[in-house]
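What's in protein-v6.cif: mmCIF, C-alpha atoms (C1' of nucleotides)
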```cif
data_my_file
#
loop_
_atom_site.label_atom_id
_atom_site.label_comp_id
_atom_site.auth_asym_id
_atom_site.auth_seq_id
_atom_site.Cartn_x
_atom_site.Cartn_y
_atom_site.Cartn_z
CA MET A 101 7.74 16.43 17.47
CA LYS A 102 10.71 17.03 15.26
CA LEU A 103 11.55 14.51 12.58
CA GLU A 104 14.89 13.51 14.12
CA ALA A 105 13.11 12.67 17.37
CA GLU A 106 10.37 10.76 15.54
CA LEU A 107 12.81 8.65 13.59
CA LYS A 108 15.32 8.47 16.46
CA ASN A 109 17.91 9.50 13.96
CA THR A 110 21.46 9.73 15.15
CA LYS A 111 23.33 11.13 12.19
CA PRO A 112 22.63 14.68 10.99
CA LEU A 113 20.87 14.92 7.63
CA GLN A 114 21.35 17.19 4.66
CA PRO A 115 18.55 19.78 4.43
CA ARG A 116 17.02 18.36 1.22
CA GLN A 117 17.25 14.81 2.49
CA ARG A 118 15.63 15.91 5.73
CA ALA A 119 12.82 17.62 3.82
CA LEU A 120 12.32 14.51 1.68
CA LEU A 121 12.10 12.17 4.66
CA ASN A 122 9.81 14.61 6.43
CA ILE A 123 7.41 14.69 3.46
CA LEU A 124 7.21 10.89 3.40
CA PHE A 125 6.89 10.63 7.15
CA THR A 126 4.21 13.31 7.42
CA ALA A 127 2.23 11.77 4.58
CA SER A 128 2.38 8.36 6.22
CA TRP A 129 1.23 9.94 9.46
CA LEU A 130 -1.67 11.64 7.68
CA ASP A 131 -2.61 8.46 5.88
CA CYS A 132 -2.70 6.53 9.14
CA ASN A 133 -4.94 9.19 10.70
CA GLN A 134 -7.23 9.20 7.71
CA ASN A 135 -7.42 5.42 7.73
CA ARG A 136 -8.65 5.46 11.31
CA GLN A 137 -11.12 8.26 10.67
CA LEU A 138 -12.61 6.56 7.63
CA ARG A 139 -12.58 3.06 9.05
CA GLY A 140 -15.94 3.56 10.80
CA PHE A 141 -17.51 4.64 7.52
CA GLY A 142 -16.41 1.53 5.67
CA ILE A 143 -14.25 3.23 3.05
CA THR A 144 -10.51 3.64 2.49
CA PRO A 145 -8.57 6.85 1.77
CA PRO A 146 -8.40 6.24 -2.00
CA GLN A 147 -12.15 5.55 -2.09
CA TYR A 148 -12.76 8.74 -0.10
CA ASN A 149 -10.58 10.57 -2.59
CA ILE A 150 -12.73 9.30 -5.47
CA LEU A 151 -15.96 10.29 -3.75
CA ARG A 152 -14.69 13.81 -3.20
CA ILE A 153 -13.55 14.10 -6.79
CA LEU A 154 -16.96 12.97 -8.01
CA ASN A 155 -18.69 15.32 -5.58
CA GLY A 156 -16.83 18.16 -7.21
CA SER A 157 -18.02 17.03 -10.63
CA VAL A 158 -21.77 16.88 -10.20
CA PRO A 159 -23.89 16.51 -12.15
CA LYS A 160 -21.82 15.55 -15.17
CA GLY A 161 -19.68 12.86 -13.57
CA LEU A 162 -16.31 11.70 -14.83
CA SER A 163 -14.79 8.86 -16.79
CA VAL A 164 -12.51 6.37 -15.06
CA LEU A 165 -9.46 7.97 -16.64
CA ASP A 166 -10.51 11.45 -15.62
CA ILE A 167 -10.86 10.26 -12.05
CA LYS A 168 -7.43 8.68 -12.17
CA GLY A 169 -5.91 11.92 -13.43
CA ARG A 170 -7.34 13.80 -10.48
CA MET A 171 -6.39 11.36 -7.76
CA ILE A 172 -3.73 11.98 -5.16
CA ASP A 173 -2.30 8.52 -5.68
CA ARG A 174 -1.87 8.07 -9.41
CA SER A 175 -1.15 4.38 -9.12
CA SER A 176 -4.60 3.55 -7.81
CA ASN A 177 -6.63 1.04 -9.73
CA VAL A 178 -9.69 3.16 -10.32
CA SER A 179 -11.75 0.44 -12.02
CA ARG A 180 -11.66 -1.77 -8.96
CA LEU A 181 -12.12 1.04 -6.47
CA VAL A 182 -15.14 2.34 -8.39
CA GLU A 183 -16.59 -1.16 -8.45
CA LYS A 184 -16.28 -1.36 -4.65
CA LEU A 185 -18.02 1.99 -4.30
CA ARG A 186 -20.73 0.88 -6.71
CA LEU A 187 -21.38 -2.29 -4.74
CA ALA A 188 -21.90 -0.10 -1.68
CA ASP A 189 -24.24 2.18 -3.73
CA PHE A 190 -22.03 5.24 -3.25
CA VAL A 191 -21.57 5.77 -7.00
CA GLU A 192 -23.33 4.96 -10.26
CA ARG A 193 -21.81 3.81 -13.51
CA VAL A 194 -23.38 4.43 -16.88
CA PRO A 195 -21.90 3.75 -20.32
CA HIS A 196 -21.03 6.81 -22.38
CA HIS A 197 -23.44 7.58 -25.23
CA GLU A 198 -20.99 8.42 -27.97
CA ASP A 199 -17.77 6.69 -26.98
CA ARG A 200 -18.67 3.20 -25.93
CA ARG A 201 -15.25 2.58 -24.45
CA MET A 202 -15.93 5.05 -21.69
CA VAL A 203 -17.93 4.74 -18.51
CA VAL A 204 -19.28 7.78 -16.74
CA VAL A 205 -19.17 7.59 -12.97
CA THR A 206 -21.32 9.81 -10.75
CA ILE A 207 -21.74 10.06 -7.01
CA SER A 208 -25.10 8.86 -5.67
CA ASP A 209 -27.25 10.53 -3.03
CA LYS A 210 -26.02 7.93 -0.57
CA GLY A 211 -22.46 8.88 -1.45
CA LYS A 212 -23.18 12.56 -0.90
CA THR A 213 -24.74 11.80 2.46
CA LEU A 214 -21.70 9.78 3.43
CA LEU A 215 -19.39 12.68 2.58
CA GLN A 216 -21.47 15.01 4.71
CA GLU A 217 -21.33 12.60 7.64
CA ILE A 218 -17.56 12.30 7.34
CA GLU A 219 -17.19 16.08 7.11
CA HIS A 220 -19.39 16.47 10.16
CA SER A 221 -17.46 13.89 12.17
CA ARG A 222 -14.21 15.61 11.37
CA PHE A 223 -15.59 18.91 12.52
CA LEU A 224 -16.61 17.36 15.83
CA ASP A 225 -13.23 15.74 16.26
CA GLU A 226 -11.49 19.08 15.90
CA LYS A 227 -8.71 16.82 14.77
CA MET A 228 -8.20 18.55 11.48
CA PRO A 229 -4.43 18.36 11.11
CA GLY A 230 -2.27 21.36 10.36
CA GLN A 231 -4.06 23.66 12.78
CA ALA A 232 -0.76 24.66 14.32
CA LEU A 233 0.08 26.49 11.10
CA THR A 234 -1.09 29.99 10.32
CA GLU A 235 -2.78 30.46 6.95
CA ALA A 236 0.32 32.16 5.64
CA GLU A 237 2.51 29.27 6.78
CA ALA A 238 0.14 26.75 5.18
CA MET A 239 0.38 28.64 1.90
CA GLU A 240 4.15 28.78 2.16
CA LEU A 241 4.27 25.03 2.86
CA ALA A 242 2.18 24.28 -0.22
CA HIS A 243 4.37 26.56 -2.30
CA LEU A 244 7.58 24.87 -1.13
CA LEU A 245 6.12 21.46 -1.93
CA ASP A 246 5.26 22.64 -5.45
CA LYS A 247 8.84 23.80 -5.81
CA PHE A 248 10.17 20.56 -4.37
CA ARG A 249 8.59 18.58 -7.20
CA GLU A 250 10.08 20.71 -9.95
CA MET B 173 3.65 22.09 -11.64
CA LYS B 174 1.28 23.56 -9.10
CA LEU B 175 -1.00 21.25 -7.18
CA GLU B 176 -4.19 22.64 -8.66
CA ALA B 177 -2.89 21.91 -12.14
CA GLU B 178 -1.75 18.43 -11.15
CA LEU B 179 -5.10 17.50 -9.67
CA LYS B 180 -7.05 19.51 -12.27
CA ASN B 181 -8.88 21.02 -9.39
CA THR B 182 -11.65 23.46 -10.17
CA LYS B 183 -12.70 24.76 -6.78
CA PRO B 184 -10.32 26.88 -4.72
CA LEU B 185 -9.01 25.20 -1.56
CA GLN B 186 -8.45 26.47 1.96
CA PRO B 187 -4.72 26.96 2.66
CA ARG B 188 -4.45 24.13 5.21
CA GLN B 189 -6.44 21.77 3.03
CA ARG B 190 -4.22 22.67 0.10
CA ALA B 191 -1.12 22.01 2.17
CA LEU B 192 -2.53 18.67 3.32
CA LEU B 193 -3.35 17.52 -0.19
CA ASN B 194 0.02 18.71 -1.39
CA ILE B 195 1.84 16.68 1.27
CA LEU B 196 -0.04 13.52 0.28
CA PHE B 197 0.40 14.17 -3.42
CA THR B 198 4.11 14.95 -3.16
CA ALA B 199 4.72 11.87 -1.01
CA SER B 200 2.89 9.69 -3.51
CA TRP B 201 4.98 11.22 -6.28
CA LEU B 202 8.19 10.53 -4.34
CA ASP B 203 7.10 6.99 -3.56
CA CYS B 204 6.42 6.30 -7.21
CA ASN B 205 9.87 7.64 -8.17
CA GLN B 206 11.55 5.60 -5.49
CA ASN B 207 9.67 2.49 -6.54
CA ARG B 208 11.01 2.85 -10.06
CA GLN B 209 14.55 3.56 -8.90
CA LEU B 210 14.63 0.58 -6.57
CA ARG B 211 12.86 -1.81 -8.88
CA GLY B 212 16.04 -2.75 -10.70
CA PHE B 213 17.70 -3.62 -7.39
CA GLY B 214 14.98 -6.02 -6.37
CA ILE B 215 13.84 -4.21 -3.23
CA THR B 216 10.89 -2.03 -2.27
CA PRO B 217 10.92 1.39 -0.57
CA PRO B 218 10.14 -0.03 2.92
CA GLN B 219 12.91 -2.61 2.49
CA TYR B 220 15.29 0.14 1.41
CA ASN B 221 14.26 2.10 4.46
CA ILE B 222 15.15 -0.85 6.71
CA LEU B 223 18.53 -1.32 5.06
CA ARG B 224 19.42 2.33 5.57
CA ILE B 225 18.33 2.20 9.20
CA LEU B 226 20.48 -0.87 9.78
CA ASN B 227 23.38 0.73 7.94
CA GLY B 228 23.23 3.57 10.43
CA SER B 229 23.37 1.10 13.29
CA VAL B 230 26.47 -0.93 12.52
CA PRO B 231 27.92 -2.89 14.12
CA LYS B 232 25.41 -3.35 16.93
CA GLY B 233 22.29 -3.93 14.87
CA LEU B 234 18.73 -3.36 16.02
CA SER B 235 15.77 -5.34 17.27
CA VAL B 236 12.66 -5.65 15.14
CA LEU B 237 10.81 -3.18 17.33
CA ASP B 238 13.66 -0.66 17.21
CA ILE B 239 13.58 -0.86 13.42
CA LYS B 240 9.85 -0.30 13.41
CA GLY B 241 10.22 2.76 15.61
CA ARG B 242 12.67 4.28 13.16
CA MET B 243 10.75 3.58 9.99
CA ILE B 244 9.07 6.22 7.87
CA ASP B 245 5.95 4.09 7.55
CA ARG B 246 5.04 2.93 11.02
CA SER B 247 2.46 0.46 9.80
CA SER B 248 5.01 -1.71 8.03
CA ASN B 249 5.23 -5.32 9.02
CA VAL B 250 8.88 -5.44 9.95
CA SER B 251 9.04 -9.16 10.68
CA ARG B 252 8.00 -10.08 7.17
CA LEU B 253 10.10 -7.40 5.50
CA VAL B 254 13.19 -8.50 7.42
CA GLU B 255 12.53 -12.10 6.43
CA LYS B 256 12.45 -11.04 2.76
CA LEU B 257 15.75 -9.21 3.18
CA ARG B 258 17.25 -12.21 4.96
CA LEU B 259 16.22 -14.56 2.16
CA ALA B 260 18.11 -12.25 -0.22
CA ASP B 261 21.11 -12.24 2.17
CA PHE B 262 20.95 -8.49 2.72
CA VAL B 263 20.56 -8.82 6.49
CA GLU B 264 21.33 -11.31 9.26
CA ARG B 265 19.19 -12.27 12.20
CA VAL B 266 20.59 -13.53 15.47
CA PRO B 267 18.73 -14.17 18.72
CA HIS B 268 19.54 -11.79 21.58
CA HIS B 269 21.83 -13.18 24.27
CA GLU B 270 20.02 -11.98 27.35
CA ASP B 271 16.44 -11.39 26.26
CA ARG B 272 15.39 -14.39 24.24
CA ARG B 273 12.26 -12.64 22.99
CA MET B 274 14.34 -10.31 20.91
CA VAL B 275 16.07 -10.78 17.60
CA VAL B 276 18.98 -8.60 16.57
CA VAL B 277 19.05 -7.69 12.90
CA THR B 278 22.23 -6.48 11.20
CA ILE B 279 23.01 -5.49 7.65
CA SER B 280 25.27 -7.90 5.74
CA ASP B 281 28.20 -7.04 3.49
CA LYS B 282 25.96 -7.79 0.53
CA GLY B 283 23.42 -5.35 1.94
CA LYS B 284 26.06 -2.63 2.33
CA THR B 285 27.23 -3.18 -1.23
CA LEU B 286 23.65 -2.88 -2.45
CA LEU B 287 23.22 0.43 -0.65
CA GLN B 288 26.39 1.75 -2.24
CA GLU B 289 25.21 0.71 -5.69
CA ILE B 290 21.87 2.43 -5.15
CA GLU B 291 23.58 5.57 -3.89
CA HIS B 292 25.86 5.54 -6.90
CA SER B 293 23.02 5.05 -9.38
CA ARG B 294 21.16 7.97 -7.84
CA PHE B 295 24.19 10.15 -8.17
CA LEU B 296 24.44 9.31 -11.85
CA ASP B 297 20.77 9.95 -12.40
CA GLU B 298 21.09 13.47 -11.02
CA LYS B 299 17.44 12.90 -10.32
CA MET B 300 17.69 13.61 -6.65
CA PRO B 301 14.39 15.38 -6.00
CA GLY B 302 14.13 18.71 -4.27
CA GLN B 303 17.06 20.27 -6.12
CA ALA B 304 14.94 23.26 -7.06
CA LEU B 305 14.94 24.29 -3.41
CA THR B 306 17.73 26.23 -1.79
CA GLU B 307 19.14 24.77 1.42
CA ALA B 308 17.33 27.45 3.41
CA GLU B 309 14.04 26.61 1.70
CA ALA B 310 14.55 22.89 2.36
CA MET B 311 15.09 23.64 6.05
CA GLU B 312 12.02 25.85 6.12
CA LEU B 313 9.97 23.10 4.44
CA ALA B 314 11.06 20.52 7.02
CA HIS B 315 10.28 22.96 9.82
CA LEU B 316 6.78 23.65 8.49
CA LEU B 317 6.10 19.91 8.20
CA ASP B 318 7.16 19.42 11.83
CA LYS B 319 4.76 22.17 12.79
CA PHE B 320 2.01 20.69 10.62
CA ARG B 321 2.04 17.50 12.66
CA GLU B 322 1.71 19.26 16.02
"C1'" DG C 199 -12.58 0.28 -46.77
"C1'" DC C 200 -8.84 -1.85 -44.21
"C1'" DA C 201 -4.67 -2.64 -41.58
"C1'" DC C 202 -2.55 -0.37 -37.84
"C1'" DA C 203 -1.90 2.24 -33.85
"C1'" DT C 204 -4.07 4.55 -29.90
"C1'" DT C 205 -7.24 5.07 -26.24
"C1'" DT C 206 -10.22 3.30 -22.48
"C1'" DA C 207 -11.56 0.06 -19.20
"C1'" DG C 208 -10.79 -3.91 -16.96
"C1'" DT C 209 -8.08 -8.34 -15.35
"C1'" DG C 210 -4.25 -11.28 -13.39
"C1'" DT C 211 -0.74 -11.71 -10.25
"C1'" DT C 212 2.59 -10.86 -6.84
"C1'" DA C 213 3.70 -8.46 -2.88
"C1'" DA C 214 2.59 -5.10 0.78
"C1'" DT C 215 -0.52 -2.87 3.97
"C1'" DA C 216 -3.71 -2.78 8.06
"C1'" DC C 217 -5.35 -4.76 11.78
"C1'" DA C 218 -6.31 -8.35 15.01
"C1'" DC C 219 -4.55 -12.25 16.90
"C1'" DT C 220 -1.14 -15.78 18.73
"C1'" DT C 221 3.03 -17.42 20.92
"C1'" DA C 222 6.73 -17.07 23.86
"C1'" DA C 223 9.67 -14.83 27.14
"C1'" DA C 224 10.39 -11.48 30.62
"C1'" DT C 225 8.64 -8.56 34.29
"C1'" DT C 226 5.60 -7.32 37.88
"C1'" DT C 227 2.67 -8.38 41.72
"C1'" DG C 228 0.46 -10.81 45.46
"C1'" DC D 277 7.52 -18.70 44.11
"C1'" DA D 278 3.22 -18.71 41.21
"C1'" DA D 279 -0.22 -16.02 38.64
"C1'" DA D 280 -1.06 -12.19 36.01
"C1'" DT D 281 0.54 -8.55 33.12
"C1'" DT D 282 3.51 -6.65 29.79
"C1'" DT D 283 6.64 -6.89 25.98
"C1'" DA D 284 8.66 -8.81 21.56
"C1'" DA D 285 8.16 -11.26 17.48
"C1'" DG D 286 5.57 -13.48 14.36
"C1'" DT D 287 1.11 -15.15 11.92
"C1'" DG D 288 -3.66 -14.97 9.59
"C1'" DT D 289 -6.51 -12.70 6.60
"C1'" DA D 290 -8.74 -9.47 3.84
"C1'" DT D 291 -7.85 -5.51 1.22
"C1'" DT D 292 -4.97 -2.70 -1.65
"C1'" DA D 293 -0.86 -1.28 -4.51
"C1'" DA D 294 2.14 -2.00 -8.48
"C1'" DC D 295 2.84 -3.45 -12.79
"C1'" DA D 296 2.07 -5.82 -16.99
"C1'" DC D 297 -1.32 -7.49 -19.67
"C1'" DT D 298 -5.90 -8.21 -22.38
"C1'" DA D 299 -10.22 -6.75 -24.83
"C1'" DA D 300 -12.94 -3.67 -27.04
"C1'" DA D 301 -13.84 0.76 -29.29
"C1'" DT D 302 -12.05 4.67 -31.71
"C1'" DG D 303 -8.95 7.17 -34.64
"C1'" DT D 304 -5.44 7.43 -38.52
"C1'" DG D 305 -2.96 6.67 -42.87
"C1'" DC D 306 -3.02 4.59 -47.13
#
```
Please express the file's structure as structure tokens.
Amino acid sequence: MKLEAELKNTKPLQPRQRALLNILFTASWLDCNQNRQLRGFGITPPQYNILRILNGSVPKGLSVLDIKGRMIDRSSNVSRLVEKLRLADFVERVPHHEDRRMVVVTISDKGKTLLQEIEHSRFLDEKMPGQALTEAEAMELAHLLDKFRE
Amino acid sequence: MKLEAELKNTKPLQPRQRALLNILFTASWLDCNQNRQLRGFGITPPQYNILRILNGSVPKGLSVLDIKGRMIDRSSNVSRLVEKLRLADFVERVPHHEDRRMVVVTISDKGKTLLQEIEHSRFLDEKMPGQALTEAEAMELAHLLDKFRE
DNA sequence: GCACATTTAGTGTTAATACACTTAAATTTG
DNA sequence: CAAATTTAAGTGTATTAACACTAAATGTGC
């Protein structure tokens, strides 16, 4: 559905304002979807984000600050999120050898298994969003978003 | 900056996955900006969203559910947000004449003044995001986002 | 070496989200 | 008309975001 219909907007919007609102609205829509998908697995979207970041950094792992720098939501409190994941045995935390300020976080086998299950469930759902776009359109969309942030 | 650089991503992403991440990242970036802009005015982005919706609905006002249906973030708790705005005298709440379940919310003069101040401050800032896009590109971006949600 | 600033992780606190639930009024149905 | 259902608003609660702050380790300049 078009944004104007979704927001029941009456007044016409300027193109840039319309794009801005549409970005926020679409992201909120995605976040809501992701929340529901992840709910059954006992993790939240930011926690899922961390697990995927760590999965891309095996076997070395990452420091808390490195994780933060790679997260979608930069305002996340990584220390607390990592602690939650550790309590659920999805990640491991070990002090850094040389720099004792740092903590190296790695994904555990249980965490990897969880990611595979989530991936698998998504595949079954066929609910991967954005399927209406062609690959070329998806690339163009990403490019325009990059430009939007300039 | 491109998304891959922002997220320090190592592995290449599928186009749709890249678009998805870029939507979430750009929205988070916008939200952070908006948070900072609104902070000085004592309101949050969802509260600002409500004020603008109500400003577009003068003089009739809207019910709580109508507001919710027009909000960017559909999971907001409108009752509590409206109560916050009422305590700050930015909105007024009156019971509906015919249907006593409903409450009609309208923006106050103080609320309108606040919106004007915010608008003015943004204009001074020249920090309106998305200026790097042409109008045609902004329209294309909004169109692709509509299609993404299909 | 020592004072000073910087970096890294974590904490404290307020407010907002997410979701289920409750309450009350209106509408539908038998 | 009375009972059941639906709709609207609000509440309860646990979790998370947002921001400033602290504590400890490292780096820097003198």
Hey, could you make a per-residue contact list for chain A against chain C with 7 Å as the cut-off, showing the nearest pair of atoms and its distance in Å to one decimal, counting all atoms listed in the file, sorted by chain and number, as CSV?
```
residue,atom,partner,partner_atom,distance
A:Ser179,CA,C:DG208,C1',6.7
A:Arg201,CA,C:DT206,C1',5.4
A:Met202,CA,C:DT206,C1',6.0
```
Output the contact residues of chain D with respect to chain A at a cut-off of 10 Å, based on all atoms listed in the file, as a PyMOL selection string. chain D and resi 291-295+300-302
Selection: 8 Å around Ala238 (chain A), all atoms listed in the file, excl. self and same-chain fewer than 4 positions, as a VMD selection string: (chain A and resid 230 233 to 234 242) or (chain B and resid 187 to 188 190 to 191)
Top pick for closest residue to chain A, considering B:Val236, B:Ala304, B:Val277, B:Leu287 and counting all atoms listed in the file: B:Ala304
Mind pulling up the distance from CA of Leu223 (chain B) to CA of Lys284 (chain B)? 8.1 Å
With only C-alpha atoms counted and 9 Å as the cut-off, give the residues of chain A in contact with chain B, each with its shortest interatomic distance in Å and the pair that gives it, as a Markdown table.
```
| residue | atom | partner | partner_atom | distance |
| --- | --- | --- | --- | --- |
| A:Met101 | CA | B:Asp318 | CA | 6.4 |
| A:Lys102 | CA | B:Asp318 | CA | 5.5 |
| A:Leu103 | CA | B:Asp318 | CA | 6.6 |
| A:Glu106 | CA | B:Arg242 | CA | 7.3 |
| A:Leu107 | CA | B:Arg242 | CA | 4.4 |
| A:Lys108 | CA | B:Arg242 | CA | 6.0 |
| A:Asn109 | CA | B:Arg242 | CA | 7.4 |
| A:Thr110 | CA | B:Gly228 | CA | 8.0 |
| A:Lys111 | CA | B:Gly228 | CA | 7.8 |
| A:Gln114 | CA | B:Glu307 | CA | 8.5 |
| A:Pro115 | CA | B:Met311 | CA | 5.4 |
| A:Arg116 | CA | B:Ala310 | CA | 5.3 |
| A:Gln117 | CA | B:Gly302 | CA | 8.4 |
| A:Arg118 | CA | B:Ala314 | CA | 6.6 |
| A:Ala119 | CA | B:Ala314 | CA | 4.7 |
| A:Leu120 | CA | B:Gly302 | CA | 7.5 |
| A:Leu121 | CA | B:Ile244 | CA | 7.4 |
| A:Asn122 | CA | B:Ala314 | CA | 6.1 |
| A:Ile123 | CA | B:Ala199 | CA | 5.9 |
| A:Leu124 | CA | B:Ala199 | CA | 5.2 |
| A:Phe125 | CA | B:Ile244 | CA | 5.0 |
| A:Thr126 | CA | B:Leu317 | CA | 6.9 |
| A:Ala127 | CA | B:Leu196 | CA | 5.2 |
| A:Ser128 | CA | B:Asp245 | CA | 5.7 |
| A:Trp129 | CA | B:Asp245 | CA | 7.8 |
| A:Leu130 | CA | B:Leu196 | CA | 7.8 |
| A:Asp131 | CA | B:Leu196 | CA | 8.0 |
| A:Cys132 | CA | B:Ser247 | CA | 8.0 |
| A:Ile153 | CA | B:Asn181 | CA | 8.7 |
| A:Gly156 | CA | B:Lys183 | CA | 7.8 |
| A:Gly169 | CA | B:Leu179 | CA | 6.8 |
| A:Arg170 | CA | B:Leu179 | CA | 4.4 |
| A:Met171 | CA | B:Leu179 | CA | 6.6 |
| A:Ile172 | CA | B:Phe197 | CA | 5.0 |
| A:Asp173 | CA | B:Ser200 | CA | 5.7 |
| A:Arg174 | CA | B:Ser200 | CA | 7.8 |
| A:Ser175 | CA | B:Cys204 | CA | 8.0 |
| A:Pro229 | CA | B:Arg321 | CA | 6.7 |
| A:Gly230 | CA | B:Phe320 | CA | 4.3 |
| A:Gln231 | CA | B:Phe320 | CA | 7.1 |
| A:Ala232 | CA | B:Phe320 | CA | 6.1 |
| A:Leu233 | CA | B:Phe320 | CA | 6.1 |
| A:Thr234 | CA | B:Arg188 | CA | 8.5 |
| A:Glu235 | CA | B:Pro187 | CA | 5.9 |
| A:Ala236 | CA | B:Pro187 | CA | 7.8 |
| A:Glu237 | CA | B:Leu316 | CA | 7.3 |
| A:Ala238 | CA | B:Arg188 | CA | 5.3 |
| A:Met239 | CA | B:Pro187 | CA | 5.4 |
| A:Glu240 | CA | B:Leu313 | CA | 8.4 |
| A:Leu241 | CA | B:Ala191 | CA | 6.2 |
| A:Ala242 | CA | B:Ala191 | CA | 4.7 |
| A:His243 | CA | B:Lys174 | CA | 8.0 |
| A:Leu244 | CA | B:Leu313 | CA | 6.3 |
| A:Leu245 | CA | B:Asn194 | CA | 6.7 |
| A:Asp246 | CA | B:Lys174 | CA | 5.5 |
| A:Lys247 | CA | B:Ala304 | CA | 6.3 |
| A:Phe248 | CA | B:Gly302 | CA | 4.4 |
| A:Arg249 | CA | B:Gly302 | CA | 6.3 |
| A:Glu250 | CA | B:Ala304 | CA | 6.2 |
```
Pick out the residues sitting within 10 Å of Glu264 (chain B), and hand them over as an mmCIF file with C-alpha atoms, in the frame of the given file; count all atoms listed in the file, and ignore anything fewer than 5 positions along from it in its own chain.
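Result saved to result00.cif:
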```cif
data_model
loop_
_atom_site.group_PDB
_atom_site.id
_atom_site.type_symbol
_atom_site.label_atom_id
_atom_site.label_comp_id
_atom_site.auth_asym_id
_atom_site.auth_seq_id
_atom_site.Cartn_x
_atom_site.Cartn_y
_atom_site.Cartn_z
ATOM 1 C CA GLY B 233 22.290 -3.930 14.870
ATOM 2 C CA VAL B 254 13.190 -8.500 7.420
ATOM 3 C CA GLU B 255 12.530 -12.100 6.430
ATOM 4 C CA LEU B 257 15.750 -9.210 3.180
ATOM 5 C CA ARG B 258 17.250 -12.210 4.960
ATOM 6 C CA LEU B 259 16.220 -14.560 2.160
ATOM 7 C CA VAL B 275 16.070 -10.780 17.600
ATOM 8 C CA VAL B 276 18.980 -8.600 16.570
ATOM 9 C CA VAL B 277 19.050 -7.690 12.900
ATOM 10 C CA THR B 278 22.230 -6.480 11.200
ATOM 11 C CA ILE B 279 23.010 -5.490 7.650
ATOM 12 C CA SER B 280 25.270 -7.900 5.740
ATOM 13 C CA ASP B 281 28.200 -7.040 3.490
ATOM 14 C CA GLY B 283 23.420 -5.350 1.940
#
```
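Across the model, the gap from CA of Lys210 (chain A) to CA of Asp189 (chain A) is 6.8 Å.
Rounded to one decimal, CA of Ile290 (chain B) and CA of Ala260 (chain B) lie 15.9 Å from each other.
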